[in-house]
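Coordinates from input.cif are shown below (mmCIF, C-alpha atoms, pLDDT in the B column; chains and numbers go by the auth columns).
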data_structure
#
loop_
_atom_site.group_PDB
_atom_site.id
_atom_site.type_symbol
_atom_site.label_atom_id
_atom_site.label_comp_id
_atom_site.label_asym_id
_atom_site.label_seq_id
_atom_site.Cartn_x
_atom_site.Cartn_y
_atom_site.Cartn_z
_atom_site.B_iso_or_equiv
_atom_site.auth_seq_id
_atom_site.auth_asym_id
ATOM 1 C CA MET A 1 -14.059 -9.221 37.784 44.00 7 A
ATOM 2 C CA SER A 2 -13.524 -11.340 34.659 49.00 8 A
ATOM 3 C CA LYS A 3 -10.790 -10.569 32.181 59.00 9 A
ATOM 4 C CA SER A 4 -12.200 -10.304 28.682 65.00 10 A
ATOM 5 C CA LYS A 5 -10.006 -10.467 25.616 72.00 11 A
ATOM 6 C CA HIS A 6 -9.550 -7.143 23.808 68.00 12 A
ATOM 7 C CA LEU A 7 -7.665 -5.941 20.777 72.00 13 A
ATOM 8 C CA GLY A 8 -4.932 -3.356 21.154 73.00 14 A
ATOM 9 C CA VAL A 9 -2.727 -2.401 24.057 77.00 15 A
ATOM 10 C CA THR A 10 -5.310 -1.084 26.469 84.00 16 A
ATOM 11 C CA PRO A 11 -8.816 -2.290 27.246 84.00 17 A
ATOM 12 C CA PRO A 12 -11.828 -0.278 26.062 82.00 18 A
ATOM 13 C CA ILE A 13 -13.193 2.438 28.336 86.00 19 A
ATOM 14 C CA SER A 14 -16.613 0.850 28.198 86.00 20 A
ATOM 15 C CA LEU A 15 -18.313 -2.152 26.619 86.00 21 A
ATOM 16 C CA ASP A 16 -21.775 -0.648 27.075 91.00 22 A
ATOM 17 C CA PHE A 17 -23.902 0.048 24.019 93.00 23 A
ATOM 18 C CA SER A 18 -24.602 3.665 23.084 93.00 24 A
ATOM 19 C CA ASP A 19 -27.780 5.241 24.383 95.00 25 A
ATOM 20 C CA LYS A 20 -30.079 7.400 22.213 96.00 26 A
ATOM 21 C CA HIS A 21 -28.377 10.644 23.282 96.00 27 A
ATOM 22 C CA GLU A 22 -24.911 9.309 22.362 95.00 28 A
ATOM 23 C CA GLU A 23 -26.209 8.049 19.005 95.00 29 A
ATOM 24 C CA ALA A 24 -27.682 11.500 18.285 96.00 30 A
ATOM 25 C CA LEU A 25 -24.328 13.107 19.140 96.00 31 A
ATOM 26 C CA ALA A 26 -22.528 10.667 16.842 94.00 32 A
ATOM 27 C CA ASP A 27 -24.980 11.460 14.014 94.00 33 A
ATOM 28 C CA ASP A 28 -24.414 15.204 14.544 95.00 34 A
ATOM 29 C CA LEU A 29 -20.647 14.695 14.445 93.00 35 A
ATOM 30 C CA LEU A 30 -20.875 12.701 11.203 89.00 36 A
ATOM 31 C CA ALA A 31 -23.100 15.371 9.626 92.00 37 A
ATOM 32 C CA THR A 32 -20.589 18.071 10.588 92.00 38 A
ATOM 33 C CA LEU A 33 -17.642 16.096 9.218 86.00 39 A
ATOM 34 C CA LYS A 34 -19.499 15.489 5.943 85.00 40 A
ATOM 35 C CA SER A 35 -20.491 19.167 5.612 88.00 41 A
ATOM 36 C CA GLU A 36 -16.829 20.150 6.081 87.00 42 A
ATOM 37 C CA GLY A 37 -15.817 17.823 3.212 82.00 43 A
ATOM 38 C CA LEU A 38 -13.728 15.488 5.352 83.00 44 A
ATOM 39 C CA PHE A 39 -15.065 12.299 3.747 84.00 45 A
ATOM 40 C CA GLU A 40 -14.178 11.304 0.223 85.00 46 A
ATOM 41 C CA SER A 41 -16.935 11.040 -2.369 86.00 47 A
ATOM 42 C CA GLU A 42 -17.929 7.787 -4.044 88.00 48 A
ATOM 43 C CA ASP A 43 -16.119 8.944 -7.207 92.00 49 A
ATOM 44 C CA GLU A 44 -12.936 9.601 -5.223 91.00 50 A
ATOM 45 C CA ARG A 45 -13.191 6.170 -3.617 90.00 51 A
ATOM 46 C CA LYS A 46 -13.559 4.502 -7.013 95.00 52 A
ATOM 47 C CA THR A 47 -10.634 6.492 -8.425 94.00 53 A
ATOM 48 C CA ARG A 48 -8.425 5.334 -5.556 94.00 54 A
ATOM 49 C CA GLU A 49 -9.353 1.696 -6.207 95.00 55 A
ATOM 50 C CA VAL A 50 -8.627 2.038 -9.931 97.00 56 A
ATOM 51 C CA VAL A 51 -5.271 3.701 -9.201 97.00 57 A
ATOM 52 C CA LEU A 52 -4.281 0.928 -6.782 97.00 58 A
ATOM 53 C CA GLY A 53 -5.207 -1.672 -9.410 97.00 59 A
ATOM 54 C CA LYS A 54 -2.979 0.070 -11.964 98.00 60 A
ATOM 55 C CA ILE A 55 -0.104 0.294 -9.495 98.00 61 A
ATOM 56 C CA ASP A 56 -0.442 -3.427 -8.739 97.00 62 A
ATOM 57 C CA LYS A 57 -0.136 -4.174 -12.479 97.00 63 A
ATOM 58 C CA LEU A 58 2.871 -1.850 -12.735 98.00 64 A
ATOM 59 C CA VAL A 59 4.623 -3.662 -9.881 98.00 65 A
ATOM 60 C CA LYS A 60 4.101 -7.003 -11.624 98.00 66 A
ATOM 61 C CA GLU A 61 5.445 -5.502 -14.865 98.00 67 A
ATOM 62 C CA VAL A 62 8.511 -4.093 -13.068 98.00 68 A
ATOM 63 C CA VAL A 63 9.238 -7.520 -11.567 98.00 69 A
ATOM 64 C CA TYR A 64 8.817 -9.084 -15.010 98.00 70 A
ATOM 65 C CA GLN A 65 11.152 -6.581 -16.708 97.00 71 A
ATOM 66 C CA VAL A 66 13.812 -6.845 -13.984 97.00 72 A
ATOM 67 C CA SER A 67 13.552 -10.656 -14.095 97.00 73 A
ATOM 68 C CA LEU A 68 14.262 -10.599 -17.835 97.00 74 A
ATOM 69 C CA LYS A 69 17.180 -8.217 -17.210 96.00 75 A
ATOM 70 C CA HIS A 70 18.581 -10.816 -14.790 94.00 76 A
ATOM 71 C CA LYS A 71 18.364 -13.420 -17.591 96.00 77 A
ATOM 72 C CA LEU A 72 15.429 -15.404 -16.236 95.00 78 A
ATOM 73 C CA PRO A 73 13.498 -17.238 -18.960 96.00 79 A
ATOM 74 C CA GLU A 74 10.374 -15.372 -20.097 95.00 80 A
ATOM 75 C CA SER A 75 8.013 -18.053 -18.753 93.00 81 A
ATOM 76 C CA LEU A 76 9.688 -17.950 -15.326 95.00 82 A
ATOM 77 C CA ALA A 77 9.831 -14.135 -15.319 96.00 83 A
ATOM 78 C CA ARG A 78 6.041 -14.017 -15.787 94.00 84 A
ATOM 79 C CA GLU A 79 5.560 -16.205 -12.699 95.00 85 A
ATOM 80 C CA CYS A 80 7.698 -14.076 -10.339 97.00 86 A
ATOM 81 C CA GLY A 81 4.722 -11.955 -9.344 96.00 87 A
ATOM 82 C CA GLY A 82 4.810 -8.904 -7.136 96.00 88 A
ATOM 83 C CA LYS A 83 2.062 -7.448 -4.989 96.00 89 A
ATOM 84 C CA ILE A 84 1.042 -4.224 -3.310 97.00 90 A
ATOM 85 C CA PHE A 85 -0.158 -3.669 0.232 95.00 91 A
ATOM 86 C CA THR A 86 -1.559 -0.448 1.597 95.00 92 A
ATOM 87 C CA PHE A 87 -0.828 0.761 5.115 93.00 93 A
ATOM 88 C CA GLY A 88 -1.358 3.855 7.218 88.00 94 A
ATOM 89 C CA SER A 89 -4.613 5.796 7.365 85.00 95 A
ATOM 90 C CA TYR A 90 -5.921 4.390 4.060 84.00 96 A
ATOM 91 C CA ARG A 91 -5.448 0.796 5.189 85.00 97 A
ATOM 92 C CA LEU A 92 -7.084 1.581 8.530 82.00 98 A
ATOM 93 C CA GLY A 93 -10.042 3.231 6.785 82.00 99 A
ATOM 94 C CA VAL A 94 -9.536 6.517 8.626 83.00 100 A
ATOM 95 C CA HIS A 95 -8.248 8.627 5.731 87.00 101 A
ATOM 96 C CA GLY A 96 -9.889 11.867 4.748 81.00 102 A
ATOM 97 C CA ALA A 97 -10.625 13.313 1.338 81.00 103 A
ATOM 98 C CA GLY A 98 -7.387 13.995 -0.530 83.00 104 A
ATOM 99 C CA ALA A 99 -5.190 11.990 1.873 89.00 105 A
ATOM 100 C CA ASP A 100 -2.264 10.098 0.391 93.00 106 A
ATOM 101 C CA ILE A 101 -2.107 6.327 0.113 96.00 107 A
ATOM 102 C CA ASP A 102 0.938 4.643 1.623 96.00 108 A
ATOM 103 C CA THR A 103 1.765 1.660 -0.563 97.00 109 A
ATOM 104 C CA LEU A 104 4.247 -1.163 -0.016 95.00 110 A
ATOM 105 C CA CYS A 105 5.355 -2.913 -3.211 97.00 111 A
ATOM 106 C CA VAL A 106 6.508 -6.444 -2.378 95.00 112 A
ATOM 107 C CA VAL A 107 8.964 -8.003 -4.821 96.00 113 A
ATOM 108 C CA PRO A 108 11.020 -11.236 -4.944 95.00 114 A
ATOM 109 C CA SER A 109 14.662 -11.500 -3.866 93.00 115 A
ATOM 110 C CA HIS A 110 16.286 -11.110 -7.289 95.00 116 A
ATOM 111 C CA VAL A 111 14.716 -7.650 -7.724 96.00 117 A
ATOM 112 C CA ARG A 112 17.167 -5.307 -6.035 94.00 118 A
ATOM 113 C CA ARG A 113 15.839 -2.063 -4.586 93.00 119 A
ATOM 114 C CA GLU A 114 17.924 -0.103 -7.126 94.00 120 A
ATOM 115 C CA ASP A 115 16.405 -2.120 -9.994 95.00 121 A
ATOM 116 C CA PHE A 116 12.911 -1.461 -8.674 95.00 122 A
ATOM 117 C CA PHE A 117 13.431 2.299 -8.316 96.00 123 A
ATOM 118 C CA GLU A 118 15.034 2.661 -11.729 96.00 124 A
ATOM 119 C CA CYS A 119 12.474 0.588 -13.623 97.00 125 A
ATOM 120 C CA MET A 120 9.403 1.839 -11.727 97.00 126 A
ATOM 121 C CA THR A 121 10.451 5.484 -12.101 97.00 127 A
ATOM 122 C CA GLU A 122 10.875 5.058 -15.871 97.00 128 A
ATOM 123 C CA MET A 123 7.491 3.329 -16.204 97.00 129 A
ATOM 124 C CA LEU A 124 5.775 6.039 -14.153 98.00 130 A
ATOM 125 C CA LYS A 125 7.399 8.810 -16.229 97.00 131 A
ATOM 126 C CA ALA A 126 5.860 7.259 -19.350 97.00 132 A
ATOM 127 C CA ARG A 127 2.296 7.478 -17.978 97.00 133 A
ATOM 128 C CA SER A 128 0.304 10.623 -18.689 96.00 134 A
ATOM 129 C CA GLU A 129 -1.807 10.233 -15.531 96.00 135 A
ATOM 130 C CA VAL A 130 1.317 10.430 -13.321 97.00 136 A
ATOM 131 C CA THR A 131 2.434 13.876 -12.148 94.00 137 A
ATOM 132 C CA GLU A 132 4.666 15.260 -9.424 95.00 138 A
ATOM 133 C CA LEU A 133 6.944 12.218 -9.613 97.00 139 A
ATOM 134 C CA ALA A 134 9.666 12.434 -6.950 96.00 140 A
ATOM 135 C CA PRO A 135 11.775 9.335 -6.291 96.00 141 A
ATOM 136 C CA VAL A 136 13.811 9.516 -3.053 95.00 142 A
ATOM 137 C CA PRO A 137 15.969 6.363 -3.284 91.00 143 A
ATOM 138 C CA ASP A 138 18.564 7.530 -0.743 90.00 144 A
ATOM 139 C CA ALA A 139 16.149 8.113 2.160 90.00 145 A
ATOM 140 C CA TYR A 140 16.382 5.796 5.175 89.00 146 A
ATOM 141 C CA VAL A 141 13.132 4.289 3.907 90.00 147 A
ATOM 142 C CA PRO A 142 13.380 4.873 0.146 93.00 148 A
ATOM 143 C CA VAL A 143 10.138 6.163 -1.360 96.00 149 A
ATOM 144 C CA ILE A 144 8.648 7.236 -4.671 98.00 150 A
ATOM 145 C CA LYS A 145 6.198 10.099 -4.163 97.00 151 A
ATOM 146 C CA LEU A 146 3.765 10.800 -6.979 98.00 152 A
ATOM 147 C CA GLN A 147 0.293 11.791 -7.996 97.00 153 A
ATOM 148 C CA PHE A 148 -1.541 9.173 -10.056 98.00 154 A
ATOM 149 C CA SER A 149 -4.803 10.420 -11.569 96.00 155 A
ATOM 150 C CA GLY A 150 -4.838 13.099 -8.866 95.00 156 A
ATOM 151 C CA VAL A 151 -4.306 10.629 -6.002 96.00 157 A
ATOM 152 C CA ASP A 152 -1.207 11.207 -3.846 97.00 158 A
ATOM 153 C CA ILE A 153 0.810 8.001 -3.469 98.00 159 A
ATOM 154 C CA ASP A 154 3.854 7.236 -1.304 97.00 160 A
ATOM 155 C CA MET A 155 5.360 4.039 -2.731 97.00 161 A
ATOM 156 C CA THR A 156 7.908 1.990 -0.803 96.00 162 A
ATOM 157 C CA VAL A 157 9.403 -1.383 -1.691 95.00 163 A
ATOM 158 C CA GLY A 158 9.979 -4.531 0.336 93.00 164 A
ATOM 159 C CA VAL A 159 12.267 -7.208 -1.069 93.00 165 A
ATOM 160 C CA LEU A 160 11.299 -10.619 0.344 92.00 166 A
ATOM 161 C CA GLN A 161 13.818 -13.436 0.410 90.00 167 A
ATOM 162 C CA GLN A 162 11.820 -15.740 -1.824 91.00 168 A
ATOM 163 C CA PRO A 163 11.940 -16.336 -5.588 94.00 169 A
ATOM 164 C CA THR A 164 8.296 -15.493 -6.296 95.00 170 A
ATOM 165 C CA ILE A 165 5.525 -13.406 -4.759 95.00 171 A
ATOM 166 C CA PRO A 166 2.235 -15.321 -4.955 92.00 172 A
ATOM 167 C CA GLU A 167 -1.023 -13.421 -5.398 92.00 173 A
ATOM 168 C CA ASP A 168 -2.359 -14.865 -2.137 91.00 174 A
ATOM 169 C CA LEU A 169 0.656 -13.696 -0.091 90.00 175 A
ATOM 170 C CA GLU A 170 -0.239 -12.313 3.333 87.00 176 A
ATOM 171 C CA LEU A 171 2.246 -10.410 5.457 82.00 177 A
ATOM 172 C CA SER A 172 0.724 -11.558 8.737 79.00 178 A
ATOM 173 C CA ASP A 173 3.261 -14.399 8.956 75.00 179 A
ATOM 174 C CA ASN A 174 6.319 -12.975 10.763 74.00 180 A
ATOM 175 C CA ASN A 175 8.534 -15.712 9.276 74.00 181 A
ATOM 176 C CA ILE A 176 8.161 -14.089 5.850 74.00 182 A
ATOM 177 C CA LEU A 177 9.477 -10.805 7.237 71.00 183 A
ATOM 178 C CA ARG A 178 12.423 -12.166 9.257 70.00 184 A
ATOM 179 C CA SER A 179 15.072 -11.741 6.541 66.00 185 A
ATOM 180 C CA ILE A 180 13.797 -8.461 5.088 72.00 186 A
ATOM 181 C CA ASP A 181 16.285 -5.595 5.094 65.00 187 A
ATOM 182 C CA GLU A 182 15.958 -2.681 7.532 65.00 188 A
ATOM 183 C CA HIS A 183 15.023 -0.166 4.809 62.00 189 A
ATOM 184 C CA SER A 184 11.816 -2.004 3.861 61.00 190 A
#

So, in terms of structure tokens, how does the structure I just supplied come out?
Amino acid sequence: MSKSKHLGVTPPISLDFSDKHEEALADDLLATLKSEGLFESEDERKTREVVLGKIDKLVKEVVYQVSLKHKLPESLARECGGKIFTFGSYRLGVHGAGADIDTLCVVPSHVRREDFFECMTEMLKARSEVTELAPVPDAYVPVIKLQFSGVDIDMTVGVLQQPTIPEDLELSDNNILRSIDEHS
């Protein structure tokens, strides 16, 4: 028996293709899930993407404002970046209609968690499309819970030990994460 490479912890139950009966069952299951409203509509999907784009811009603005507060020159403050990453069911593509989006806001080392929470909370309060704003900065994993244009968001922050956050940053490199604090 040959050992084939598989993703995950355990191997798949079967590598066989589905037969016609199994495909019909899968189609019936999908039809039932759709009729029960468990999939988001195209409009909901687009709204989520727009909201995530706005949050990404807000994170960059928070980093910029905090950088200026820490006396960085304006030109340098603009280059400090910031980026969001989604995780959880949304990132895996297994979320249902109305599910929240877990969002990690990655910021450079000079942006302290307290600075981020204070500045981000104030910016979110000023936006008419943000409701149910509930910052929880003292939780083991500090979070800002909110609704943004009707989309539930759980926002956490990760402070990386580097001076800037490039737009092409990927978190797949464990070396980037080695010096991150335990609350991120």

Residues picked by the PyMOL selection byres ((chain A and resi 158) around 10) here, as a ChimeraX atom specification?
/A:54,104-108,136-138,151-157,159-161

Hey, what's within 8 Å of A:Phe123 if we count all atoms listed in the file and toss same-chain stuff fewer than 5 positions away? As a list of chain:residue names, please?
A:Pro141, A:Pro143, A:Ile150

Output file for the residues above (C-alpha atoms, as a tab-separated table (two decimals), keeping the file's coordinate frame):
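Full text of result_20.tsv as output:
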chain	number	residue	atom	x	y	z
A	141	PRO	CA	11.78	9.34	-6.29
A	143	PRO	CA	15.97	6.36	-3.28
A	150	ILE	CA	8.65	7.24	-4.67

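The space separating atom CA of A:His116 from atom CA of A:Tyr96 comes to 29.4 Å.
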
I need the residue set behind the PyMOL selection byres ((chain A and resi 148) around 12) for this file; please write it as a ChimeraX atom specification.
/A:110-111,119-120,122-123,140-147,149-151,160-164,187-190

For A:Thr92, which residue out of A:Ser115, A:Lys63, A:Val165, A:Leu58 is the nearest one, using all atoms listed in the file?
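Closest to A:Thr92 of all the choices is A:Leu58.
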
Among the residues A:Glu29, A:Asp22, A:Glu85, A:Glu42, the one that comes closest to A:Thr170 [using only C-alpha atoms]:
A:Glu85

Give me the residues within 12 Å of stretch 78-83 of chain A as number ranges by chain, counting all atoms listed in the file and dropping any in the same chain fewer than 4 places off.
A: 66-74, 87-88, 114, 116-117, 169-171

Selection from above, C-alpha atoms, as a short mmCIF file (atom, residue, chain, number, x, y, z; two decimals), in the frame of the given file, can you write it?
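File produced: out.cif:
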data_model
loop_
_atom_site.label_atom_id
_atom_site.label_comp_id
_atom_site.auth_asym_id
_atom_site.auth_seq_id
_atom_site.Cartn_x
_atom_site.Cartn_y
_atom_site.Cartn_z
CA LYS A 66 4.10 -7.00 -11.62
CA GLU A 67 5.44 -5.50 -14.86
CA VAL A 68 8.51 -4.09 -13.07
CA VAL A 69 9.24 -7.52 -11.57
CA TYR A 70 8.82 -9.08 -15.01
CA GLN A 71 11.15 -6.58 -16.71
CA VAL A 72 13.81 -6.84 -13.98
CA SER A 73 13.55 -10.66 -14.10
CA LEU A 74 14.26 -10.60 -17.84
CA GLY A 87 4.72 -11.96 -9.34
CA GLY A 88 4.81 -8.90 -7.14
CA PRO A 114 11.02 -11.24 -4.94
CA HIS A 116 16.29 -11.11 -7.29
CA VAL A 117 14.72 -7.65 -7.72
CA PRO A 169 11.94 -16.34 -5.59
CA THR A 170 8.30 -15.49 -6.30
CA ILE A 171 5.52 -13.41 -4.76
#

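Computed from the coordinates, the atom CA of A:His101 to atom CA of A:Asp25 distance equals 27.2 Å.
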
For atom CA of A:Lys89 and atom CA of A:Asp62, the interatomic separation in Å (one decimal)
6.0 Å

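The residue that comes closest to A:Lys75, out of A:Asp49, A:Glu176, A:Asp121, A:Glu128 and on the basis of only C-alpha atoms, is A:Asp121.
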
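Of the listed residues A:Leu98, A:Glu48, A:Ser20, A:Leu139, the one whose atoms come nearest to A:Met126 is A:Leu139, with distances taken using all atoms listed in the file.
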
Report as a VMD selection string all protein, DNA and RNA residues lying within 9 Å of A:Leu183, evaluated on only C-alpha atoms, omitting residues in the same chain fewer than 6 positions from it.
chain A and resid 166 to 167 177
